[in-house]
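To start, the structure itself, in structure tokens.
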Amino acid sequence: MVEAITTKRFHELVPGDTWHRVYGGATAHFVTGSFDEGVEFVRAIAELADAANHHPDIDLRYAGVTVRLMTHEISAVSERDAALAVQISDAASRLGIEPEPTLIGTVQFAIDAMDIPLVLPFWEAVLGYERRGEGALRDPRGIGPSVWFQQMDAPRPQRNRIHVDLALPRALARQRIDAAVAASGHIVSDAFAPHWWTLADAEGNEIDIAPWVDDTDWDDDENEE
């Protein structure tokens, strides 16, 4: 049986700054510069994936290609993903395509609720999403942000009960936090740093900046897509 590996183990197997864990798996972005180069790169990835019988999610745009790796049968990253990540990076190098880790990031929405079984079906229906486990929803196309539900112990009147989660490479987290604070935001809590910081805008709408810490065994598997 395939087993999940930690982010720390993934980076032991896949050194360098190209690949990072965010919501949904190990992710890399490559700058191609043209659609034709992107298609050629995707074709090379497809050949590697078929040979390994292990297939990534690929987003092809005019200027770049984003690749996300996850072992879907266990909904986690495994050594299969690490092996394919190395091969994809090698293919990019052969084609003269450069990675751009500053363009990696995944957004998800969190809804705080007193009665999750009551409110979850509403969001499932209105978004056209499918359930993942007991307290999460995902876009069946794999395009839109995932949604997860956080159990509240008591009502919080006069406070937004929907917040955004943003997963980033660790090197980008501090930069984004500083930029947000400079843009009239503030840090609500750093109690769980370096795993996540909670920030808010001037009206109290919240976002969690959640970098995966690459050199520890800590993982956020419960909320991962």
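By order of appearance in the structure tokens: chains A, B, ..., then residues from 1 within every chain, and ligands from 1 in the order shown.
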
Which residues, written as a PyMOL selection string, have at least one atom at most 10 Å from stretch 136-144 of chain A, with only C-alpha atoms counted and residues fewer than 2 positions away on the same chain left out?
chain A and resi 24+57+59+106-111+116+120-121+123-124+127-134+146-150+222-225

Which residues come within 12 Å of A:Ala182, counting only C-alpha atoms, excluding same-chain residues fewer than 6 positions away, as number ranges by chain?
A: 175-176, 199-202

Those of chain A in DSSP strand (DSSP E or B), formatted as number ranges by chain
A: 4, 20-22, 25-31, 57-60, 64-69, 71, 76, 78, 98-99, 106-113, 130-131, 136-138, 146-151, 162-169, 186-189, 197-200, 206-212

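Residues in contact with A:Glu3 at up to 10 Å, not including ones fewer than 6 positions away on its chain and judged by only C-alpha atoms, are Thr71, Glu73, Ile74, Ala76, Val77, Ser78, Glu79 and Arg80 of chain A.
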
Backbone-only DSSP, helix (DSSP H, G or I) members of stretch 23-203 of chain A, as a PyMOL selection string:
chain A and resi 35-52+79-94+101-103+116-127+170-182

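Proximity to A:Ala180 was assessed for A:Thr18, A:Asp115, A:Met152, A:Glu206 counting only C-alpha atoms; the smallest distance is recorded for A:Glu206.
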
Please provide as a ChimeraX atom specification all residues within 9 Å of A:Pro101, with the sequence filter that same-chain residues fewer than 4 positions apart are discarded (counting only C-alpha atoms).
/A:17-20,27-30,105,169
